[in-house]
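Next comes structure.pdb, with PDB, C-alpha atoms, pLDDT in the B column.
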ATOM      1  CA  MET A  13     188.733   9.295  75.775  1.00 41.00           C
ATOM      2  CA  GLY A  14     188.374   5.717  74.523  1.00 45.00           C
ATOM      3  CA  THR A  15     189.066   2.544  76.462  1.00 47.00           C
ATOM      4  CA  GLU A  16     192.544   2.134  74.957  1.00 48.00           C
ATOM      5  CA  ASP A  17     193.427   5.755  75.730  1.00 46.00           C
ATOM      6  CA  ARG A  18     192.313   5.294  79.334  1.00 45.00           C
ATOM      7  CA  ARG A  19     194.469   2.186  79.642  1.00 47.00           C
ATOM      8  CA  GLN A  20     197.532   4.020  78.356  1.00 47.00           C
ATOM      9  CA  ALA A  21     196.864   6.931  80.713  1.00 62.00           C
ATOM     10  CA  ARG A  22     197.027   4.734  83.797  1.00 81.00           C
ATOM     11  CA  THR A  23     200.106   5.540  85.824  1.00 92.00           C
ATOM     12  CA  LEU A  24     201.458   1.977  86.105  1.00 97.00           C
ATOM     13  CA  ALA A  25     200.616   0.643  82.641  1.00 96.00           C
ATOM     14  CA  GLY A  26     203.266  -1.819  81.496  1.00 95.00           C
ATOM     15  CA  LYS A  27     204.706  -2.316  84.986  1.00 98.00           C
ATOM     16  CA  THR A  28     204.977  -5.575  86.916  1.00 98.00           C
ATOM     17  CA  ALA A  29     204.364  -5.396  90.666  1.00 98.00           C
ATOM     18  CA  LEU A  30     205.206  -8.243  93.035  1.00 98.00           C
ATOM     19  CA  ILE A  31     203.285  -7.975  96.306  1.00 98.00           C
ATOM     20  CA  THR A  32     203.867 -10.178  99.332  1.00 98.00           C
ATOM     21  CA  GLY A  33     201.161 -10.862 101.881  1.00 95.00           C
ATOM     22  CA  ALA A  34     198.767 -10.132  99.034  1.00 96.00           C
ATOM     23  CA  GLY A  35     195.849 -12.230 100.248  1.00 95.00           C
ATOM     24  CA  THR A  36     194.451  -9.941 102.930  1.00 93.00           C
ATOM     25  CA  GLY A  37     194.660  -6.486 104.490  1.00 93.00           C
ATOM     26  CA  ILE A  38     197.202  -4.018 103.147  1.00 95.00           C
ATOM     27  CA  GLY A  39     198.514  -6.473 100.551  1.00 96.00           C
ATOM     28  CA  ARG A  40     195.093  -7.152  99.101  1.00 97.00           C
ATOM     29  CA  GLU A  41     194.167  -3.483  98.881  1.00 97.00           C
ATOM     30  CA  THR A  42     197.540  -2.654  97.355  1.00 98.00           C
ATOM     31  CA  ALA A  43     197.133  -5.332  94.703  1.00 98.00           C
ATOM     32  CA  LEU A  44     193.694  -4.071  93.747  1.00 98.00           C
ATOM     33  CA  LEU A  45     194.843  -0.462  93.567  1.00 98.00           C
ATOM     34  CA  LEU A  46     198.041  -1.097  91.593  1.00 98.00           C
ATOM     35  CA  ALA A  47     196.145  -3.295  89.154  1.00 98.00           C
ATOM     36  CA  GLU A  48     193.545  -0.563  88.733  1.00 97.00           C
ATOM     37  CA  GLU A  49     196.384   1.748  87.716  1.00 97.00           C
ATOM     38  CA  GLY A  50     197.520  -0.694  85.038  1.00 97.00           C
ATOM     39  CA  ALA A  51     200.171  -2.827  86.751  1.00 98.00           C
ATOM     40  CA  THR A  52     200.327  -6.569  86.226  1.00 98.00           C
ATOM     41  CA  VAL A  53     200.269  -7.853  89.798  1.00 98.00           C
ATOM     42  CA  VAL A  54     201.956 -10.987  91.080  1.00 98.00           C
ATOM     43  CA  LEU A  55     200.240 -12.081  94.279  1.00 98.00           C
ATOM     44  CA  VAL A  56     202.442 -13.843  96.812  1.00 98.00           C
ATOM     45  CA  GLY A  57     201.426 -15.498 100.058  1.00 96.00           C
ATOM     46  CA  ARG A  58     201.050 -18.912 101.635  1.00 93.00           C
ATOM     47  CA  ARG A  59     197.352 -19.655 101.071  1.00 94.00           C
ATOM     48  CA  ARG A  60     196.520 -20.176  97.416  1.00 96.00           C
ATOM     49  CA  HIS A  61     192.763 -20.020  97.843  1.00 96.00           C
ATOM     50  CA  VAL A  62     192.988 -16.551  99.416  1.00 96.00           C
ATOM     51  CA  LEU A  63     195.327 -15.324  96.670  1.00 97.00           C
ATOM     52  CA  ASP A  64     192.984 -16.779  94.048  1.00 98.00           C
ATOM     53  CA  GLU A  65     190.133 -14.709  95.472  1.00 98.00           C
ATOM     54  CA  VAL A  66     192.185 -11.520  95.115  1.00 97.00           C
ATOM     55  CA  ALA A  67     193.228 -12.506  91.594  1.00 98.00           C
ATOM     56  CA  ALA A  68     189.581 -13.028  90.674  1.00 98.00           C
ATOM     57  CA  ALA A  69     188.754  -9.550  91.981  1.00 98.00           C
ATOM     58  CA  VAL A  70     191.585  -8.070  89.907  1.00 98.00           C
ATOM     59  CA  THR A  71     190.644  -9.840  86.698  1.00 97.00           C
ATOM     60  CA  GLY A  72     186.970  -9.123  87.291  1.00 97.00           C
ATOM     61  CA  SER A  73     187.837  -5.423  87.186  1.00 95.00           C
ATOM     62  CA  GLY A  74     189.767  -5.784  83.956  1.00 96.00           C
ATOM     63  CA  GLY A  75     193.252  -6.179  85.441  1.00 97.00           C
ATOM     64  CA  THR A  76     195.919  -8.860  85.142  1.00 98.00           C
ATOM     65  CA  ALA A  77     197.018 -10.965  88.090  1.00 98.00           C
ATOM     66  CA  PHE A  78     199.178 -14.025  88.661  1.00 98.00           C
ATOM     67  CA  VAL A  79     199.310 -16.144  91.808  1.00 98.00           C
ATOM     68  CA  ARG A  80     202.403 -17.772  93.297  1.00 97.00           C
ATOM     69  CA  PRO A  81     202.249 -19.272  96.803  1.00 97.00           C
ATOM     70  CA  THR A  82     205.751 -18.976  98.278  1.00 97.00           C
ATOM     71  CA  HIS A  83     207.578 -19.286 101.593  1.00 96.00           C
ATOM     72  CA  ILE A  84     209.434 -16.011 101.310  1.00 97.00           C
ATOM     73  CA  GLU A  85     211.785 -16.817 104.192  1.00 96.00           C
ATOM     74  CA  ASN A  86     213.376 -19.520 102.019  1.00 96.00           C
ATOM     75  CA  ALA A  87     216.119 -18.332  99.647  1.00 97.00           C
ATOM     76  CA  GLU A  88     215.569 -21.035  97.019  1.00 97.00           C
ATOM     77  CA  ASP A  89     211.823 -20.406  96.953  1.00 98.00           C
ATOM     78  CA  VAL A  90     212.392 -16.672  96.546  1.00 98.00           C
ATOM     79  CA  ARG A  91     214.834 -17.125  93.677  1.00 98.00           C
ATOM     80  CA  ALA A  92     212.353 -19.457  91.985  1.00 98.00           C
ATOM     81  CA  LEU A  93     209.552 -16.922  92.524  1.00 98.00           C
ATOM     82  CA  VAL A  94     211.482 -14.072  90.905  1.00 98.00           C
ATOM     83  CA  ALA A  95     212.598 -16.243  87.965  1.00 98.00           C
ATOM     84  CA  TRP A  96     209.023 -17.428  87.442  1.00 98.00           C
ATOM     85  CA  THR A  97     207.750 -13.845  87.603  1.00 98.00           C
ATOM     86  CA  ARG A  98     210.315 -12.716  85.021  1.00 98.00           C
ATOM     87  CA  ASN A  99     209.233 -15.483  82.643  1.00 97.00           C
ATOM     88  CA  THR A 100     205.507 -15.108  83.265  1.00 97.00           C
ATOM     89  CA  ALA A 101     204.840 -11.410  83.813  1.00 97.00           C
ATOM     90  CA  GLY A 102     208.164  -9.714  83.111  1.00 97.00           C
ATOM     91  CA  PRO A 103     210.942  -8.354  85.339  1.00 98.00           C
ATOM     92  CA  VAL A 104     209.755  -6.848  88.601  1.00 98.00           C
ATOM     93  CA  ASP A 105     209.383  -3.064  88.381  1.00 98.00           C
ATOM     94  CA  ILE A 106     207.735  -2.646  91.790  1.00 98.00           C
ATOM     95  CA  LEU A 107     208.417  -4.836  94.811  1.00 98.00           C
ATOM     96  CA  VAL A 108     206.036  -4.359  97.718  1.00 98.00           C
ATOM     97  CA  ASN A 109     207.392  -6.045 100.838  1.00 98.00           C
ATOM     98  CA  ASN A 110     204.187  -6.243 102.831  1.00 96.00           C
ATOM     99  CA  ALA A 111     204.126  -9.693 104.434  1.00 93.00           C
ATOM    100  CA  GLY A 112     204.742  -9.656 108.162  1.00 89.00           C
ATOM    101  CA  GLY A 113     203.534 -10.717 111.541  1.00 86.00           C
ATOM    102  CA  ALA A 114     204.169 -10.376 115.247  1.00 80.00           C
ATOM    103  CA  GLY A 115     204.822 -13.091 117.765  1.00 76.00           C
ATOM    104  CA  ARG A 116     202.402 -14.214 120.450  1.00 79.00           C
ATOM    105  CA  VAL A 117     204.594 -13.292 123.428  1.00 80.00           C
ATOM    106  CA  GLY A 118     204.920  -9.601 124.197  1.00 77.00           C
ATOM    107  CA  ASP A 119     207.412  -9.779 127.049  1.00 81.00           C
ATOM    108  CA  VAL A 120     210.943 -10.574 125.864  1.00 84.00           C
ATOM    109  CA  ARG A 121     211.613 -12.470 129.112  1.00 88.00           C
ATOM    110  CA  TRP A 122     209.473 -15.291 127.785  1.00 83.00           C
ATOM    111  CA  THR A 123     210.108 -14.964 124.057  1.00 84.00           C
ATOM    112  CA  GLY A 124     211.509 -18.239 122.789  1.00 85.00           C
ATOM    113  CA  GLU A 125     214.245 -18.506 120.190  1.00 90.00           C
ATOM    114  CA  ASP A 126     211.897 -20.189 117.698  1.00 90.00           C
ATOM    115  CA  GLU A 127     209.443 -17.312 117.941  1.00 90.00           C
ATOM    116  CA  TRP A 128     212.211 -14.725 117.628  1.00 90.00           C
ATOM    117  CA  ASN A 129     213.572 -16.407 114.497  1.00 92.00           C
ATOM    118  CA  ALA A 130     210.122 -16.817 112.952  1.00 92.00           C
ATOM    119  CA  VAL A 131     209.253 -13.146 113.393  1.00 92.00           C
ATOM    120  CA  MET A 132     212.646 -12.065 112.058  1.00 92.00           C
ATOM    121  CA  GLY A 133     212.234 -14.432 109.126  1.00 94.00           C
ATOM    122  CA  VAL A 134     209.018 -13.050 107.714  1.00 95.00           C
ATOM    123  CA  ASN A 135     209.583  -9.398 108.636  1.00 96.00           C
ATOM    124  CA  LEU A 136     213.292  -8.943 107.918  1.00 97.00           C
ATOM    125  CA  THR A 137     215.023 -11.891 106.237  1.00 97.00           C
ATOM    126  CA  ALA A 138     212.299 -12.173 103.583  1.00 98.00           C
ATOM    127  CA  VAL A 139     212.736  -8.500 102.685  1.00 98.00           C
ATOM    128  CA  TYR A 140     216.475  -9.028 102.221  1.00 98.00           C
ATOM    129  CA  LEU A 141     215.956 -12.154 100.096  1.00 98.00           C
ATOM    130  CA  LEU A 142     213.317 -10.620  97.844  1.00 98.00           C
ATOM    131  CA  THR A 143     215.202  -7.372  97.380  1.00 98.00           C
ATOM    132  CA  GLN A 144     218.414  -9.194  96.575  1.00 98.00           C
ATOM    133  CA  ALA A 145     216.598 -11.332  94.007  1.00 98.00           C
ATOM    134  CA  VAL A 146     214.979  -8.434  92.105  1.00 98.00           C
ATOM    135  CA  LEU A 147     217.932  -6.047  92.362  1.00 98.00           C
ATOM    136  CA  PRO A 148     219.859  -7.174  89.243  1.00 97.00           C
ATOM    137  CA  ASP A 149     216.868  -6.437  86.986  1.00 98.00           C
ATOM    138  CA  MET A 150     216.172  -3.141  88.736  1.00 98.00           C
ATOM    139  CA  LEU A 151     219.762  -2.013  88.316  1.00 98.00           C
ATOM    140  CA  GLU A 152     219.333  -2.521  84.571  1.00 97.00           C
ATOM    141  CA  ARG A 153     215.857  -1.016  84.235  1.00 95.00           C
ATOM    142  CA  GLY A 154     215.168   1.034  87.340  1.00 97.00           C
ATOM    143  CA  GLY A 155     212.486   0.137  89.839  1.00 98.00           C
ATOM    144  CA  SER A 156     210.848   0.752  93.185  1.00 98.00           C
ATOM    145  CA  VAL A 157     211.094  -1.224  96.418  1.00 98.00           C
ATOM    146  CA  VAL A 158     208.370  -0.246  98.882  1.00 98.00           C
ATOM    147  CA  THR A 159     208.567  -1.906 102.279  1.00 98.00           C
ATOM    148  CA  ILE A 160     205.847  -1.784 104.910  1.00 96.00           C
ATOM    149  CA  SER A 161     207.558  -1.344 108.256  1.00 95.00           C
ATOM    150  CA  SER A 162     205.685  -0.086 111.327  1.00 91.00           C
ATOM    151  CA  LEU A 163     205.692   2.691 113.869  1.00 88.00           C
ATOM    152  CA  ALA A 164     206.938  -0.063 116.165  1.00 86.00           C
ATOM    153  CA  ALA A 165     210.300   0.495 114.463  1.00 89.00           C
ATOM    154  CA  ILE A 166     210.641   3.814 116.266  1.00 92.00           C
ATOM    155  CA  ARG A 167     208.105   3.404 119.087  1.00 88.00           C
ATOM    156  CA  PRO A 168     208.386  -0.222 120.212  1.00 81.00           C
ATOM    157  CA  THR A 169     205.858  -1.448 122.736  1.00 79.00           C
ATOM    158  CA  LEU A 170     205.066  -4.526 124.762  1.00 72.00           C
ATOM    159  CA  LEU A 171     201.996  -5.022 122.583  1.00 72.00           C
ATOM    160  CA  GLY A 172     204.015  -5.548 119.410  1.00 74.00           C
ATOM    161  CA  GLY A 173     206.743  -7.500 121.147  1.00 83.00           C
ATOM    162  CA  ALA A 174     210.529  -7.308 121.025  1.00 89.00           C
ATOM    163  CA  PRO A 175     211.247  -9.291 117.831  1.00 90.00           C
ATOM    164  CA  TYR A 176     208.578  -7.433 115.840  1.00 91.00           C
ATOM    165  CA  GLY A 177     209.892  -3.988 116.735  1.00 92.00           C
ATOM    166  CA  ALA A 178     213.483  -5.064 116.126  1.00 94.00           C
ATOM    167  CA  ALA A 179     212.630  -6.571 112.735  1.00 95.00           C
ATOM    168  CA  LYS A 180     210.682  -3.504 111.639  1.00 96.00           C
ATOM    169  CA  ALA A 181     213.578  -1.279 112.687  1.00 96.00           C
ATOM    170  CA  GLY A 182     215.841  -3.583 110.697  1.00 97.00           C
ATOM    171  CA  VAL A 183     213.888  -3.206 107.452  1.00 97.00           C
ATOM    172  CA  ARG A 184     213.779   0.548 107.947  1.00 97.00           C
ATOM    173  CA  ASN A 185     217.570   0.535 108.143  1.00 98.00           C
ATOM    174  CA  PHE A 186     217.813  -1.828 105.158  1.00 98.00           C
ATOM    175  CA  MET A 187     215.690   0.479 103.001  1.00 98.00           C
ATOM    176  CA  ALA A 188     217.991   3.359 103.921  1.00 98.00           C
ATOM    177  CA  TYR A 189     220.981   1.234 102.915  1.00 98.00           C
ATOM    178  CA  LEU A 190     219.327   0.335  99.619  1.00 98.00           C
ATOM    179  CA  ARG A 191     218.397   3.926  98.915  1.00 97.00           C
ATOM    180  CA  ASN A 192     221.838   5.303  99.692  1.00 97.00           C
ATOM    181  CA  SER A 193     223.583   2.591  97.681  1.00 98.00           C
ATOM    182  CA  TYR A 194     221.521   2.443  94.490  1.00 98.00           C
ATOM    183  CA  ARG A 195     219.459   5.607  94.039  1.00 97.00           C
ATOM    184  CA  ASP A 196     221.900   6.931  91.423  1.00 97.00           C
ATOM    185  CA  GLU A 197     221.283   3.730  89.442  1.00 97.00           C
ATOM    186  CA  GLY A 198     217.542   4.408  89.347  1.00 97.00           C
ATOM    187  CA  VAL A 199     216.433   2.161  92.219  1.00 98.00           C
ATOM    188  CA  ARG A 200     214.007   3.853  94.602  1.00 98.00           C
ATOM    189  CA  ALA A 201     213.619   2.458  98.106  1.00 98.00           C
ATOM    190  CA  THR A 202     210.803   3.631 100.350  1.00 98.00           C
ATOM    191  CA  CYS A 203     209.882   2.658 103.888  1.00 98.00           C
ATOM    192  CA  ILE A 204     206.290   3.151 105.025  1.00 97.00           C
ATOM    193  CA  LEU A 205     205.672   3.136 108.770  1.00 96.00           C
ATOM    194  CA  PRO A 206     201.966   2.757 109.571  1.00 93.00           C
ATOM    195  CA  GLY A 207     200.477   3.109 113.007  1.00 84.00           C
ATOM    196  CA  ALA A 208     197.662   0.820 114.131  1.00 79.00           C
ATOM    197  CA  VAL A 209     195.911  -0.602 111.055  1.00 72.00           C
ATOM    198  CA  ASP A 210     192.471  -2.195 111.285  1.00 67.00           C
ATOM    199  CA  THR A 211     193.259  -5.749 110.221  1.00 71.00           C
ATOM    200  CA  PRO A 212     192.218  -9.168 111.585  1.00 63.00           C
ATOM    201  CA  VAL A 213     195.532  -9.457 113.478  1.00 63.00           C
ATOM    202  CA  HIS A 214     193.947  -7.446 116.289  1.00 60.00           C
ATOM    203  CA  ASP A 215     191.494 -10.278 116.875  1.00 58.00           C
ATOM    204  CA  THR A 216     194.325 -12.304 118.420  1.00 54.00           C
ATOM    205  CA  ARG A 217     195.043  -9.736 121.138  1.00 55.00           C
ATOM    206  CA  ALA A 218     194.339 -10.681 124.740  1.00 47.00           C
ATOM    207  CA  VAL A 219     191.827  -7.794 124.725  1.00 54.00           C
ATOM    208  CA  PRO A 220     190.748  -7.133 121.117  1.00 62.00           C
ATOM    209  CA  PRO A 221     189.895  -3.492 120.301  1.00 66.00           C
ATOM    210  CA  GLY A 222     186.231  -2.575 120.181  1.00 65.00           C
ATOM    211  CA  PRO A 223     184.355  -1.129 117.190  1.00 70.00           C
ATOM    212  CA  GLU A 224     185.034   2.506 118.155  1.00 70.00           C
ATOM    213  CA  GLN A 225     188.754   1.839 118.541  1.00 73.00           C
ATOM    214  CA  ARG A 226     188.866   0.106 115.179  1.00 71.00           C
ATOM    215  CA  ALA A 227     187.026   2.988 113.534  1.00 70.00           C
ATOM    216  CA  ALA A 228     189.822   5.348 114.628  1.00 70.00           C
ATOM    217  CA  MET A 229     192.593   3.176 113.161  1.00 78.00           C
ATOM    218  CA  VAL A 230     194.317   3.508 109.812  1.00 84.00           C
ATOM    219  CA  ARG A 231     192.576   1.403 107.169  1.00 90.00           C
ATOM    220  CA  PRO A 232     194.427  -1.007 104.830  1.00 92.00           C
ATOM    221  CA  GLU A 233     193.289   1.021 101.821  1.00 95.00           C
ATOM    222  CA  ASP A 234     194.907   4.127 103.332  1.00 94.00           C
ATOM    223  CA  VAL A 235     198.286   2.419 103.294  1.00 96.00           C
ATOM    224  CA  ALA A 236     197.633   1.058  99.801  1.00 96.00           C
ATOM    225  CA  ARG A 237     197.111   4.595  98.528  1.00 96.00           C
ATOM    226  CA  ALA A 238     200.479   5.539 100.002  1.00 96.00           C
ATOM    227  CA  VAL A 239     202.133   2.596  98.230  1.00 98.00           C
ATOM    228  CA  LEU A 240     200.595   3.725  94.946  1.00 98.00           C
ATOM    229  CA  LEU A 241     201.894   7.253  95.468  1.00 97.00           C
ATOM    230  CA  CYS A 242     205.424   6.007  96.134  1.00 97.00           C
ATOM    231  CA  ALA A 243     205.401   3.691  93.126  1.00 97.00           C
ATOM    232  CA  SER A 244     203.764   6.036  90.632  1.00 96.00           C
ATOM    233  CA  LEU A 245     205.673   9.281  91.096  1.00 96.00           C
ATOM    234  CA  PRO A 246     207.959  10.292  88.206  1.00 95.00           C
ATOM    235  CA  GLU A 247     211.253   8.430  88.261  1.00 93.00           C
ATOM    236  CA  ARG A 248     213.064  11.645  89.171  1.00 95.00           C
ATOM    237  CA  THR A 249     211.213  11.755  92.505  1.00 96.00           C
ATOM    238  CA  LEU A 250     211.576   9.561  95.571  1.00 96.00           C
ATOM    239  CA  ILE A 251     209.656   9.344  98.831  1.00 97.00           C
ATOM    240  CA  GLU A 252     212.288   8.126 101.258  1.00 97.00           C
ATOM    241  CA  GLU A 253     210.092   7.456 104.280  1.00 97.00           C
ATOM    242  CA  LEU A 254     206.445   7.931 105.091  1.00 96.00           C
ATOM    243  CA  VAL A 255     204.753   7.734 108.492  1.00 95.00           C
ATOM    244  CA  ILE A 256     201.004   7.064 108.466  1.00 91.00           C
ATOM    245  CA  ALA A 257     199.277   7.394 111.825  1.00 88.00           C
ATOM    246  CA  PRO A 258     195.699   7.657 113.049  1.00 86.00           C
ATOM    247  CA  THR A 259     194.577  11.270 113.370  1.00 85.00           C
ATOM    248  CA  ALA A 260     193.137  10.647 116.819  1.00 78.00           C
ATOM    249  CA  GLN A 261     195.752  10.038 119.502  1.00 72.00           C
ATOM    250  CA  ARG A 262     193.209   9.023 122.136  1.00 64.00           C
ATOM    251  CA  HIS A 263     190.933   6.307 120.911  1.00 52.00           C
ATOM    252  CA  PRO A 264     187.361   6.304 122.206  1.00 46.00           C
TER
END
Structure encoded using structure tokens:
Amino acid sequence: MGTEDRRQARTLAGKTALITGAGTGIGRETALLLAEEGATVVLVGRRRHVLDEVAAAVTGSGGTAFVRPTHIENAEDVRALVAWTRNTAGPVDILVNNAGGAGRVGDVRWTGEDEWNAVMGVNLTAVYLLTQAVLPDMLERGGSVVTISSLAAIRPTLLGGAPYGAAKAGVRNFMAYLRNSYRDEGVRATCILPGAVDTPVHDTRAVPPGPEQRAAMVRPEDVARAVLLCASLPERTLIEELVIAPTAQRHP
């Protein structure tokens, strides 16, 4: 099989994927994997230099990547992002809502309103804004919306905090709404709920996990493989929800 044949055989050839939180962790690994499968990836985040590093890795492997720093909690910025993507890379075929973050206060008794709103903004409001912005094109062409929620949506804990769990439950519900409303028009909506993932966010814990605990966690590339599966299945098939948890229940 020649180079051109291999390119055409890739499962996402000709598709445009917009990935939020694409600079690190799950977003970075997802971008690399979708690009490897032929998608043109649009990398979205706040830090251009980090996104540029991912774009360089994509292009260095023969893929195509575009970078667009954006505050995805802002409606005008999101509309501009989607319009720019349409003009630069084509309409969005795959939206990966990956950006997110927890607050610093675990106990809701001391969670301030600013922190609550900030966590809701990046984890829930941004998903609504981005989905709303890409939906008109997807209703014409079909498409996939894959949102990274969390096991905190169904098993909230003090560690994740009240606003984080509530926001992740909210996006789970929103994906169900989207799926039930538009699946007959060819729009697939999937919610992925990972357990503990080994990312730098754990470094900010009061007691960061040790090496053995981290080794037992889900890896960002594990979640990225799940995103690829959801986005690359035949259009007749939909994964509605996917829970990804560490095999070991008791960490060393």
Distance of CA of Cys242 (chain A) from CA of Thr82 (chain A), expressed in Å to one decimal place
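Here the two named atoms are 25.1 Å from each other.
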Point (211.2, 3.9, 90.2), cut-off 12 Å, counting all atoms listed in the file, residues as a count of residues only
40
Between A:Ala87, A:Leu30, A:Leu190, A:Val66, which residue has the minimum interatomic distance to Val54 (chain A), considering all atoms listed in the file?
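Going through A:Ala87, A:Leu30, A:Leu190, A:Val66 one by one, the smallest distance to Val54 (chain A) is for A:Leu30.
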Selection dump of the PyMOL selection byres ((chain A and resi 161) around 9), as an MDAnalysis selection string
chainID A and resid 109:110 112 135 159:160 162:165 179:184 203:206
Expected file: the selected residues, C-alpha atoms, as a PDB file, in the coordinates of the input:
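Saved result, selection.pdb, follows:
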ATOM      1  CA  ASN A 109     207.392  -6.045 100.838  1.00 98.00           C
ATOM      2  CA  ASN A 110     204.187  -6.243 102.831  1.00 96.00           C
ATOM      3  CA  GLY A 112     204.742  -9.656 108.162  1.00 89.00           C
ATOM      4  CA  ASN A 135     209.583  -9.398 108.636  1.00 96.00           C
ATOM      5  CA  THR A 159     208.567  -1.906 102.279  1.00 98.00           C
ATOM      6  CA  ILE A 160     205.847  -1.784 104.910  1.00 96.00           C
ATOM      7  CA  SER A 162     205.685  -0.086 111.327  1.00 91.00           C
ATOM      8  CA  LEU A 163     205.692   2.691 113.869  1.00 88.00           C
ATOM      9  CA  ALA A 164     206.938  -0.063 116.165  1.00 86.00           C
ATOM     10  CA  ALA A 165     210.300   0.495 114.463  1.00 89.00           C
ATOM     11  CA  ALA A 179     212.630  -6.571 112.735  1.00 95.00           C
ATOM     12  CA  LYS A 180     210.682  -3.504 111.639  1.00 96.00           C
ATOM     13  CA  ALA A 181     213.578  -1.279 112.687  1.00 96.00           C
ATOM     14  CA  GLY A 182     215.841  -3.583 110.697  1.00 97.00           C
ATOM     15  CA  VAL A 183     213.888  -3.206 107.452  1.00 97.00           C
ATOM     16  CA  ARG A 184     213.779   0.548 107.947  1.00 97.00           C
ATOM     17  CA  CYS A 203     209.882   2.658 103.888  1.00 98.00           C
ATOM     18  CA  ILE A 204     206.290   3.151 105.025  1.00 97.00           C
ATOM     19  CA  LEU A 205     205.672   3.136 108.770  1.00 96.00           C
ATOM     20  CA  PRO A 206     201.966   2.757 109.571  1.00 93.00           C
TER      21      PRO A 206
END
Which residue gives the smallest distance to Leu141 (chain A) among A:Ala260, A:Val209, A:Val90, A:Val235, with all atoms listed in the file counted?
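Residue with the minimum atom-to-atom distance to Leu141 (chain A): A:Val90.
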Output the residue selection produced by the PyMOL selection byres ((chain A and resi 49-52) around 8) on the file above, formatted as a list of chain:residue names.
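Selected by the PyMOL selection byres ((chain A and resi 49-52) around 8) in this file: A:Arg19, A:Arg22, A:Thr23, A:Leu24, A:Ala25, A:Gly26, A:Lys27, A:Thr28, A:Ala29, A:Leu45, A:Leu46, A:Ala47, A:Glu48, A:Val53, A:Val54, A:Gly75, A:Thr76, A:Ala77, A:Phe78, A:Ala101.
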Just the selected residues (C-alpha atoms), exported as an mmCIF file, in the frame of the given file, please.
data_model
loop_
_atom_site.group_PDB
_atom_site.id
_atom_site.type_symbol
_atom_site.label_atom_id
_atom_site.label_comp_id
_atom_site.auth_asym_id
_atom_site.auth_seq_id
_atom_site.Cartn_x
_atom_site.Cartn_y
_atom_site.Cartn_z
ATOM 1 C CA ARG A 19 194.469 2.186 79.642
ATOM 2 C CA ARG A 22 197.027 4.734 83.797
ATOM 3 C CA THR A 23 200.106 5.540 85.824
ATOM 4 C CA LEU A 24 201.458 1.977 86.105
ATOM 5 C CA ALA A 25 200.616 0.643 82.641
ATOM 6 C CA GLY A 26 203.266 -1.819 81.496
ATOM 7 C CA LYS A 27 204.706 -2.316 84.986
ATOM 8 C CA THR A 28 204.977 -5.575 86.916
ATOM 9 C CA ALA A 29 204.364 -5.396 90.666
ATOM 10 C CA LEU A 45 194.843 -0.462 93.567
ATOM 11 C CA LEU A 46 198.041 -1.097 91.593
ATOM 12 C CA ALA A 47 196.145 -3.295 89.154
ATOM 13 C CA GLU A 48 193.545 -0.563 88.733
ATOM 14 C CA VAL A 53 200.269 -7.853 89.798
ATOM 15 C CA VAL A 54 201.956 -10.987 91.080
ATOM 16 C CA GLY A 75 193.252 -6.179 85.441
ATOM 17 C CA THR A 76 195.919 -8.860 85.142
ATOM 18 C CA ALA A 77 197.018 -10.965 88.090
ATOM 19 C CA PHE A 78 199.178 -14.025 88.661
ATOM 20 C CA ALA A 101 204.840 -11.410 83.813
#
Shell of 12 Å around Glu65 (chain A), all atoms listed in the file, local chain residues under 6 positions omitted, as a PyMOL selection string:
chain A and resi 34-36+40+43-44+55+59+71-72+77-79
By how many Å are CA of Leu147 (chain A) and CA of Leu63 (chain A) apart?
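Calculated distance between CA of Leu147 (chain A) and CA of Leu63 (chain A) is 24.8 Å.
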Care to translate the PyMOL selection byres ((chain A and resi 119) around 8) into actual residues of this file, as a list in words?
Val117, Gly118, Val120, Arg121, Trp122, Thr123, Leu170, Gly173 and Ala174 of chain A
Please produce a file of those selected residues containing C-alpha atoms, as a PDB file, in the frame of the given file.
ATOM      1  CA  VAL A 117     204.594 -13.292 123.428  1.00 80.00           C
ATOM      2  CA  GLY A 118     204.920  -9.601 124.197  1.00 77.00           C
ATOM      3  CA  VAL A 120     210.943 -10.574 125.864  1.00 84.00           C
ATOM      4  CA  ARG A 121     211.613 -12.470 129.112  1.00 88.00           C
ATOM      5  CA  TRP A 122     209.473 -15.291 127.785  1.00 83.00           C
ATOM      6  CA  THR A 123     210.108 -14.964 124.057  1.00 84.00           C
ATOM      7  CA  LEU A 170     205.066  -4.526 124.762  1.00 72.00           C
ATOM      8  CA  GLY A 173     206.743  -7.500 121.147  1.00 83.00           C
ATOM      9  CA  ALA A 174     210.529  -7.308 121.025  1.00 89.00           C
TER      10      ALA A 174
END
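Of note, CA of Thr259 (chain A) and CA of Gly172 (chain A) are spaced 20.2 Å apart.
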Extending 3 Å beyond the listed atoms of region 128-133 of chain A on each side, what axis-aligned box results? I want centre and edge lengths in Å to one decimal, as lines of an AutoDock Vina configuration file.
center_x = 211.4
center_y = -14.4
center_z = 113.4
size_x = 10.3
size_y = 10.8
size_z = 14.5
Shortest interatomic distance to Thr42 (chain A) - which of A:Val108, A:Ala130, A:Leu254, A:Ile84, counting all atoms listed in the file:
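Closest candidate: A:Val108.
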